[in-house]
Structure formats: structure tokens, C-alpha cells
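Engineer: For reference, the structure I am asking about is given below.
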Amino acid sequence: MTKKRLAALSGTAAFLGLSAALGLVAQQSDILIKITKGERPVIAVPDFRASGEAQQYMGAFNQTLWDDLEKSGVFRMASKSMYPLRVPQQPKDFLPPLPSGTSDSSQRGFRMQDWAGPPVNANYVVFGYAAAQGEQLALFGWLYNVTQTTAQAAQVLGKIYLGGLDEAGARKVAHEFAADILGQFGIKSLLGSKIYFVSDRTGHKEIWSMDHDGGNQSQLTFFKSISTMPGASPDGSKIAFTTFVRGTPQITIFSTASRNRLPFYNQRASLNAFPSFTPDGNQILYSSTATGISQIYIANTDGSGFRRISSVQSIEVEPKVNPKNASEIVFVSGRSGVPQIYRMNIDGADVTRLTTGEGHAVNPAWSPDGQHIAFAWTRGYEPGNFNVFVMDVATRQFVQLTHGVGRNENPTWAPDGRHIVFSSNRSGSTQIWTMLADGTQLQRLTSQGRNEKPVWSAQ
């Protein structure tokens with residue numbers, strides 16, 4: 001199988017037309033409310049100050065803390081232009097509430113009602129200070145629910161964080177503080193998670209990794225060939241991908257800790273590709289042309305015990321197992337004429353088409369809750385221009401997240417279930433972007449070379 005043919009399997013087609021059903025807006029709202037959990041509390045995050053040598057690093061701290069909370073999608077950020085001039089740095093700075101009908105502009109900012117009332121109108125305020133302690137930066141941080149009447153009742157979080165006395169240390173404690181704040185709202189922080197992706201910045205397509213915010217970009221493979229289509233194990237300990245290093249596309253597995261290759265038996269075939277792990281991490285689903293046409297197989301993580309799941313005279317690729325139901329998979333099939341997304345049991349039974357048959361639908365990815373998939377679709381757009389959609393699998397209602405900005409492909413979910421990473425050529429070249437699962441808070445993570453096919457791993 002040629003490289004050109006392999007690219008076609010994951011990719012592009014033609015379909016024009018628009019669908020504007022009156023019920024679509026309501027369906028979209030229902031889906032987004034289900035994902036984003038509805039109304040967001042308002043949080044005020046005034047800039048922190050520090051004593052001594054630590055002050056020079058507070059710019060990095062304040063920006064990182066703000067970005068982590070804003071991009072979490074959990075809060076509405078109260079505008080800093082509305083904050084009082086005086087900002088508490090520790091709990092003892094708060095004064096008792098004023099009697100009803102009275103005011104004290106000289107101490108405005110030191111009472112919780114100054115933050116809960118207009119013009120800030122916050123539900124929560126983050127405050128604290130930092131100091132240099134030897135070679136370390138010590139952060140003292142608090143989160144208060146300012147709708148409470150007393151400081152004692154208002155405290156939600158109070159903790160000390162330590163980092164290096166430099167910008168990296170300031171960013172570290174900001175990330176940790178933000179993670180703890182999010183934890184108070186039952187939200188899993190993305191701190192420690194990794195994004196694996198394909199980059200040609202060295203002249204060859206290799207597998208790379210980076211932090212959730214685009215930091216620490218690092219090359220994983222050095223095959224000087226084409227390595228593509230990464231898939232991460234649920235615990236983040238392994239990364240499987242397709243490589244042409246031996247001529248025909250085969251599956252290779254790496255340990256993410258040691259970056260050493262692990263054993264995997266590839267069937268004799270012109271293509272073994274599109275690997276993805278089962279929820280327990282003990283098996284891999286993939287596509288193989290061992291019988292002449294690309295079909296879906298399952299095997300142990302060393303390639304042993306493989307067996308065929310699908311059996312039709314159509315190309316079947318991109319199998320993904322439901323993380324909450326190991327007996328259910330989604331995949332891409334050409335059995336209806338053009339690539340569409342289907343679901344079936346892991347034994348190959350109960351096959352159902354999820355997408356409508358319009359355009360080309362590819363790149364399905366389960367959300368962590370096992371209820372939604374993100375995917376790329378040409379529905380309603382010029383040939384070749386994919387957009388990212390999210391579907392509620394039970395109801396088959398869907399919502400479009402990207403609109404008219406080039407090719408937007410290969411969406412996968414973050415471990416928090418609130419973010420999606422994808423590739424897009426909206427900036428002129430194909431790069432990795434993230435967004436909230438409602439299509440907002442777009443952030444570009446890469447810039448060197450062409451970068452594509454991201455997958456988000458828990459670590």
C-alpha cells in the first residue's frame with residue numbers, strides 16, 4: 001500500500017450542501033450543556049505580589065494562574081478593570097461586613113462584599129502572596145467564596161506551594177495552585193497530561209510530545225522516515241503508532257518512560273495501522289490488510305492472539321473503544337460508499353451507522369465519559385475542508401465546533417473531558433490547536449514545521 005493511499009484512508013472527500021433544521025440549535029445547546037455542565041461561577045483573580053527577589057517572577061506567575069483558570073472553561077473571569085484598588089493578601093486582611101446601607105471607600109477591597117457586589121459581581125476570589133525562602137519561591141494562596149458572610153465560612157482552599165526561585169518555579173506553583181482550585185469544583189486538572197503528535201520539523205515525520213499548554217516539546221522517535229497516527233494507552237505508559245521505517249506501514253509501540261521500543265508482532269500485510277488501546281491497556285485494536293482489504297483486528301499489546309473483528313468488502317479503519325464500555329467501539333467504514341462513522345460491539349455484531357451519510361466523516365474519538373464522540377466531517381462544506389463536530393452517541397445529536405476556517409481534523413479529548421485538541425491549517429500551515437468542547441478558547445500550541453494527528457494522554 002502506498003503512502004498516498006494510506007493518507008487517503010484518513011482523509012478527504014467531496015460533499016456540498018447545507019442543513020438548517022430548526023431543531024438543530026436546541027440540540028446543540030443540549031449537548032453543550034451536558035458537556036460543559038451549564039452556568040459557570042464568576043471568579044476574580046487579582047495579581048499577586050511578592051517580597052524581595054521573588055517579585056521579579058510574579059509576572060510569569062500571574063499570567064500562568066490566569067491562563068490556567070480561564071482556559072479551564074470552569075469559570076467566567078471577572079474583569080480586572082472592575083477590581084477594587086486594595087487587594088487582600090492574607091485572610092487577616094479581610095474586615096467584617098459593613099452594616100446595611102453604609103459604605104467605607106477608604107477600605108474598599110478588604111471586605112468580601114466588595115468582591116461579591118457590583119461592579120465585580122464575583123462568586124469567588126483568589127488571593128495570596130509570595131516570598132523568597134532561600135533558593136525557593138514560596139507561594140501562599142487562598143480561594144474564598146465571597147458570597148459567605150464571614151471569612152471563616154468563606155475559605156475554600158488555603159495552601160503553601162514551593163518552586164524554584166525563577167520563572168519556571170513561578171509557573172510551576174501557579175499550575176499547582178490552579179489545579180487545586182479546579183479540584184474544588186470536581187474538575188481534573190490537565191497538569192501532567194501529555195499531547196503526542198506528528199511533526200515534520202526535522203525533515204521527517206516523527207512522533208513528538210508536549211505539555212498540555214504546548215510547553216516542553218520533545219521528539220520521541222528518530223526513525224528518519226514517516227511515523228504517524230499515534231495512540232496512547234489509558235495510563236500514558238505506552239504510545240503506539242504507525243511507521244514506514246521498514247518500508248510497509250507497521251505498528252510500533254514505545255514506552256513513554258524509557259522511550260524504548262516494545263515488542264509487537266505485525267501480521268504479514270501491506271498495512272498494519274491506526275492502533276488504539278482498550279480501556280484496560282491490555283489489548284490494541286488496529287486495521288490490517290492481511291486478508292486483502294483493510295479490516296479491524298484486535299490483539300494483545302505484543303501483537304499476539306490477534307483476531308479479525310470486521311468482515312466486509314469495504315475499507316474499515318480508525319477503531320476506538322469506548323473508555324466506559326469496553327464492549328463498544330466506533331470506527332470509520334466505506335461500506336455505505338463514502339467514509340462514515342459506525343459503532344459496533346467489539347465482537348463485530350450490532351453494526352450501526354452514526355453519521356448521516358453526507359460528506360465524509362472520519363477521525364472519531366470518545367470523550368472520557370463514554371457518551372460523546374468528536375470527529376471530523378465535510379458535511380456542508382467544499383471538498384476537502386473538514387470541520388470538528390461533537391455527537392451524543394445515544395441520541396445521535398451533533399454540534400459543529402469549527403466553522404469555515406480550512407481543514408480541522410483529528411480531534412481527541414483531554415482527560416478532563418472539557419477540552420479538545422485537533423490539527424488545523426487555519427494559520428496557513430497545519431498546526432496543533434486546543435479548544436473547549438463548546439468551540440471557544442482556541443489556543444495554538446505549535447509553530448515549527450507542520451504538526452498533525454494529536455492525541456491527548458493522561459500523563
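Every chain in the C-alpha cells has a letter given in the order shown (A, B, ...), and although residue numbers restart at 1 in each chain, ligands are simply numbered from 1 in the order shown.
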Fewer than 5 positions away in the same chain doesn't count, so skip those; otherwise give me all residues within 6 Å of Ala299 (chain A), counting only C-alpha atoms, as a ChimeraX atom specification.
Structural biologist: /A:283-284,304-306
Engineer: The selected residues should be written to file as a PDB file, in the first residue's frame (atoms: N, CA, C and O atoms).
Structural biologist:
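File produced: again_6.pdb:
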ATOM      1  N   GLN A 283      -4.940  -4.616  25.418  1.00  0.00           N
ATOM      2  CA  GLN A 283      -5.105  -5.012  24.021  1.00  0.00           C
ATOM      3  C   GLN A 283      -5.081  -3.785  23.119  1.00  0.00           C
ATOM      4  O   GLN A 283      -5.253  -2.644  23.585  1.00  0.00           O
ATOM      5  N   ILE A 284      -4.878  -4.051  21.850  1.00  0.00           N
ATOM      6  CA  ILE A 284      -4.837  -2.991  20.849  1.00  0.00           C
ATOM      7  C   ILE A 284      -5.786  -3.351  19.714  1.00  0.00           C
ATOM      8  O   ILE A 284      -5.807  -4.496  19.248  1.00  0.00           O
ATOM      9  N   SER A 304       0.307 -10.567  19.810  1.00  0.00           N
ATOM     10  CA  SER A 304      -0.111 -11.970  19.823  1.00  0.00           C
ATOM     11  C   SER A 304      -1.625 -12.071  19.977  1.00  0.00           C
ATOM     12  O   SER A 304      -2.294 -11.124  20.395  1.00  0.00           O
ATOM     13  N   GLY A 305      -2.151 -13.264  19.663  1.00  0.00           N
ATOM     14  CA  GLY A 305      -3.576 -13.528  19.861  1.00  0.00           C
ATOM     15  C   GLY A 305      -4.477 -12.678  18.998  1.00  0.00           C
ATOM     16  O   GLY A 305      -5.638 -12.433  19.370  1.00  0.00           O
ATOM     17  N   PHE A 306      -3.987 -12.223  17.852  1.00  0.00           N
ATOM     18  CA  PHE A 306      -4.808 -11.338  17.028  1.00  0.00           C
ATOM     19  C   PHE A 306      -5.987 -12.083  16.407  1.00  0.00           C
ATOM     20  O   PHE A 306      -5.904 -13.273  16.106  1.00  0.00           O
TER      21      PHE A 306
END
Engineer: List as a PyMOL selection string the protein and nucleic acid residues near Ile207 (chain A), meaning an atom at most 7 Å away when only C-alpha atoms are counted, but skip any in the same chain fewer than 4 places from it.
Structural biologist: chain A and resi 196-199+219-221+227-228
Engineer: Go ahead and write the residues just picked, N, CA, C and O atoms, as a compact mmCIF listing (two decimals), in the first residue's frame.
Structural biologist:
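To be explicit, this is the file written out as part_9.txt:
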# COMPACT_ATOMS: atom_id res chain seq x y z
N TYR A 196 0.63 13.85 22.38
CA TYR A 196 1.53 13.26 21.39
C TYR A 196 1.03 13.65 20.01
O TYR A 196 -0.18 13.70 19.76
N PHE A 197 1.95 13.92 19.10
CA PHE A 197 1.56 14.41 17.79
C PHE A 197 2.65 14.10 16.77
O PHE A 197 3.75 13.64 17.11
N VAL A 198 2.33 14.35 15.51
CA VAL A 198 3.26 14.11 14.41
C VAL A 198 3.80 15.46 13.93
O VAL A 198 3.03 16.39 13.70
N SER A 199 5.12 15.55 13.78
CA SER A 199 5.74 16.78 13.31
C SER A 199 6.81 16.47 12.28
O SER A 199 7.54 15.48 12.41
N GLN A 219 11.07 15.45 20.92
CA GLN A 219 10.99 14.42 19.89
C GLN A 219 11.08 13.04 20.52
O GLN A 219 11.95 12.75 21.33
N LEU A 220 10.16 12.15 20.14
CA LEU A 220 10.10 10.80 20.69
C LEU A 220 10.76 9.77 19.78
O LEU A 220 11.47 8.88 20.25
N THR A 221 10.51 9.87 18.47
CA THR A 221 11.10 8.91 17.53
C THR A 221 12.17 9.59 16.68
O THR A 221 12.11 10.80 16.42
N SER A 227 6.53 8.39 10.58
CA SER A 227 5.86 7.81 11.74
C SER A 227 4.62 8.66 12.00
O SER A 227 4.71 9.89 12.04
N THR A 228 3.49 8.02 12.18
CA THR A 228 2.23 8.77 12.19
C THR A 228 1.17 8.02 13.00
O THR A 228 1.39 6.92 13.48
Engineer: So which residues touch region 352-357 of chain A within 9 Å, counting only C-alpha atoms, skipping near sequence neighbours fewer than 4 positions away, as a PyMOL selection string?
Structural biologist: chain A and resi 330+336-344+361+391+393+396
Engineer: Could you please take those selected residues and save C-alpha atoms as a PDB file, in the first residue's frame?
Structural biologist:
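Contents of the output file part.pdb:
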ATOM      1  CA  VAL A 330     -16.629   3.280  16.880  1.00  0.00           C
ATOM      2  CA  SER A 336     -22.094   2.805   2.554  1.00  0.00           C
ATOM      3  CA  GLY A 337     -19.979   4.171  -0.307  1.00  0.00           C
ATOM      4  CA  VAL A 338     -18.131   7.046   1.381  1.00  0.00           C
ATOM      5  CA  PRO A 339     -16.320   7.085   4.750  1.00  0.00           C
ATOM      6  CA  GLN A 340     -18.805   7.334   7.605  1.00  0.00           C
ATOM      7  CA  ILE A 341     -18.639   6.676  11.335  1.00  0.00           C
ATOM      8  CA  TYR A 342     -20.181   3.497  12.705  1.00  0.00           C
ATOM      9  CA  ARG A 343     -20.449   1.804  16.063  1.00  0.00           C
ATOM     10  CA  MET A 344     -20.481  -1.926  16.805  1.00  0.00           C
ATOM     11  CA  ALA A 361     -16.893  11.586   8.366  1.00  0.00           C
ATOM     12  CA  MET A 391     -22.011  13.908  18.801  1.00  0.00           C
ATOM     13  CA  VAL A 393     -23.860   8.807  20.641  1.00  0.00           C
ATOM     14  CA  ARG A 396     -27.022  10.987  17.559  1.00  0.00           C
TER      15      ARG A 396
END
Engineer: Would you pick out the contacts of region 114-129 of chain A at 6 Å or less, using only C-alpha atoms, so that residues sharing its chain but fewer than 4 positions from it are not included, and give the list as a list in words?
Structural biologist: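 Using only C-alpha atoms, the neighbours found are Val42, Ile43, Ala44, Val45, Phe48, Arg49, Ala50, Met82, Gln89, Gln90, Gly109, Phe140, Gly141, Trp142, Leu143, Tyr144, Asn145, Val146 and Thr147 of chain A.
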Engineer: The selected residues should be written to file as a CSV table (one decimal), in the first residue's frame (atoms: C-alpha atoms).
Structural biologist:
chain,number,residue,atom,x,y,z
A,42,VAL,CA,-17.5,34.1,38.3
A,43,ILE,CA,-14.0,34.2,39.8
A,44,ALA,CA,-11.8,37.2,40.5
A,45,VAL,CA,-8.1,36.7,40.2
A,48,PHE,CA,-0.3,38.6,43.4
A,49,ARG,CA,2.7,40.5,44.8
A,50,ALA,CA,5.8,39.2,46.4
A,82,MET,CA,-13.5,46.2,37.8
A,89,GLN,CA,-3.0,39.2,50.6
A,90,GLN,CA,-3.9,37.0,53.5
A,109,GLY,CA,-11.4,45.7,48.7
A,140,PHE,CA,0.7,31.4,50.0
A,141,GLY,CA,-2.6,31.0,48.2
A,142,TRP,CA,-6.2,31.1,49.1
A,143,LEU,CA,-9.6,30.7,47.4
A,144,TYR,CA,-12.6,32.3,49.1
A,145,ASN,CA,-16.3,32.0,48.4
A,146,VAL,CA,-17.1,35.7,48.8
A,147,THR,CA,-20.9,35.1,48.9
Engineer: Which of region 117-343 of chain A counts as helix (DSSP H, G or I) under DSSP, as a PyMOL selection string please?
Structural biologist: chain A and resi 151-154+167-183
Engineer: For N, CA and C atoms, I'd like the residues from the last selection saved as a PDB file, in the first residue's frame.
Structural biologist:
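Listing of part38.pdb after writing:
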ATOM      1  N   ALA A 151     -15.229  35.366  56.991  1.00  0.00           N
ATOM      2  CA  ALA A 151     -14.014  34.849  56.367  1.00  0.00           C
ATOM      3  C   ALA A 151     -13.826  33.369  56.685  1.00  0.00           C
ATOM      4  N   GLN A 152     -14.195  32.974  57.876  1.00  0.00           N
ATOM      5  CA  GLN A 152     -14.047  31.575  58.266  1.00  0.00           C
ATOM      6  C   GLN A 152     -14.914  30.668  57.391  1.00  0.00           C
ATOM      7  N   ALA A 153     -16.125  31.100  57.135  1.00  0.00           N
ATOM      8  CA  ALA A 153     -17.027  30.308  56.301  1.00  0.00           C
ATOM      9  C   ALA A 153     -16.649  30.384  54.827  1.00  0.00           C
ATOM     10  N   ALA A 154     -15.965  31.465  54.450  1.00  0.00           N
ATOM     11  CA  ALA A 154     -15.665  31.701  53.036  1.00  0.00           C
ATOM     12  C   ALA A 154     -14.504  30.874  52.513  1.00  0.00           C
ATOM     13  N   GLU A 167      11.577  31.836  36.836  1.00  0.00           N
ATOM     14  CA  GLU A 167      10.291  31.853  36.132  1.00  0.00           C
ATOM     15  C   GLU A 167       9.668  30.470  36.058  1.00  0.00           C
ATOM     16  N   ALA A 168      10.498  29.442  35.847  1.00  0.00           N
ATOM     17  CA  ALA A 168       9.965  28.080  35.785  1.00  0.00           C
ATOM     18  C   ALA A 168       9.318  27.699  37.110  1.00  0.00           C
ATOM     19  N   GLY A 169       9.943  28.089  38.217  1.00  0.00           N
ATOM     20  CA  GLY A 169       9.370  27.808  39.525  1.00  0.00           C
ATOM     21  C   GLY A 169       8.076  28.558  39.756  1.00  0.00           C
ATOM     22  N   ALA A 170       8.020  29.805  39.264  1.00  0.00           N
ATOM     23  CA  ALA A 170       6.797  30.600  39.406  1.00  0.00           C
ATOM     24  C   ALA A 170       5.651  29.972  38.620  1.00  0.00           C
ATOM     25  N   ARG A 171       5.958  29.516  37.407  1.00  0.00           N
ATOM     26  CA  ARG A 171       4.920  28.862  36.610  1.00  0.00           C
ATOM     27  C   ARG A 171       4.490  27.539  37.247  1.00  0.00           C
ATOM     28  N   LYS A 172       5.448  26.827  37.824  1.00  0.00           N
ATOM     29  CA  LYS A 172       5.131  25.543  38.467  1.00  0.00           C
ATOM     30  C   LYS A 172       4.118  25.730  39.596  1.00  0.00           C
ATOM     31  N   VAL A 173       4.371  26.682  40.498  1.00  0.00           N
ATOM     32  CA  VAL A 173       3.451  26.859  41.626  1.00  0.00           C
ATOM     33  C   VAL A 173       2.110  27.406  41.147  1.00  0.00           C
ATOM     34  N   ALA A 174       2.118  28.196  40.069  1.00  0.00           N
ATOM     35  CA  ALA A 174       0.856  28.687  39.515  1.00  0.00           C
ATOM     36  C   ALA A 174       0.021  27.529  38.978  1.00  0.00           C
ATOM     37  N   HIS A 175       0.674  26.623  38.243  1.00  0.00           N
ATOM     38  CA  HIS A 175      -0.038  25.446  37.719  1.00  0.00           C
ATOM     39  C   HIS A 175      -0.616  24.613  38.870  1.00  0.00           C
ATOM     40  N   GLU A 176       0.169  24.417  39.916  1.00  0.00           N
ATOM     41  CA  GLU A 176      -0.281  23.585  41.037  1.00  0.00           C
ATOM     42  C   GLU A 176      -1.428  24.243  41.795  1.00  0.00           C
ATOM     43  N   PHE A 177      -1.337  25.554  41.994  1.00  0.00           N
ATOM     44  CA  PHE A 177      -2.404  26.286  42.676  1.00  0.00           C
ATOM     45  C   PHE A 177      -3.687  26.217  41.846  1.00  0.00           C
ATOM     46  N   ALA A 178      -3.567  26.440  40.534  1.00  0.00           N
ATOM     47  CA  ALA A 178      -4.742  26.370  39.661  1.00  0.00           C
ATOM     48  C   ALA A 178      -5.351  24.971  39.680  1.00  0.00           C
ATOM     49  N   ALA A 179      -4.500  23.951  39.692  1.00  0.00           N
ATOM     50  CA  ALA A 179      -5.000  22.569  39.728  1.00  0.00           C
ATOM     51  C   ALA A 179      -5.806  22.310  40.994  1.00  0.00           C
ATOM     52  N   ASP A 180      -5.337  22.832  42.123  1.00  0.00           N
ATOM     53  CA  ASP A 180      -6.065  22.640  43.381  1.00  0.00           C
ATOM     54  C   ASP A 180      -7.382  23.410  43.388  1.00  0.00           C
ATOM     55  N   ILE A 181      -7.388  24.588  42.782  1.00  0.00           N
ATOM     56  CA  ILE A 181      -8.633  25.353  42.681  1.00  0.00           C
ATOM     57  C   ILE A 181      -9.656  24.575  41.851  1.00  0.00           C
ATOM     58  N   LEU A 182      -9.219  24.074  40.718  1.00  0.00           N
ATOM     59  CA  LEU A 182     -10.120  23.300  39.863  1.00  0.00           C
ATOM     60  C   LEU A 182     -10.618  22.051  40.576  1.00  0.00           C
ATOM     61  N   GLY A 183      -9.750  21.455  41.378  1.00  0.00           N
ATOM     62  CA  GLY A 183     -10.131  20.269  42.125  1.00  0.00           C
ATOM     63  C   GLY A 183     -11.280  20.517  43.081  1.00  0.00           C
TER      64      GLY A 183
END
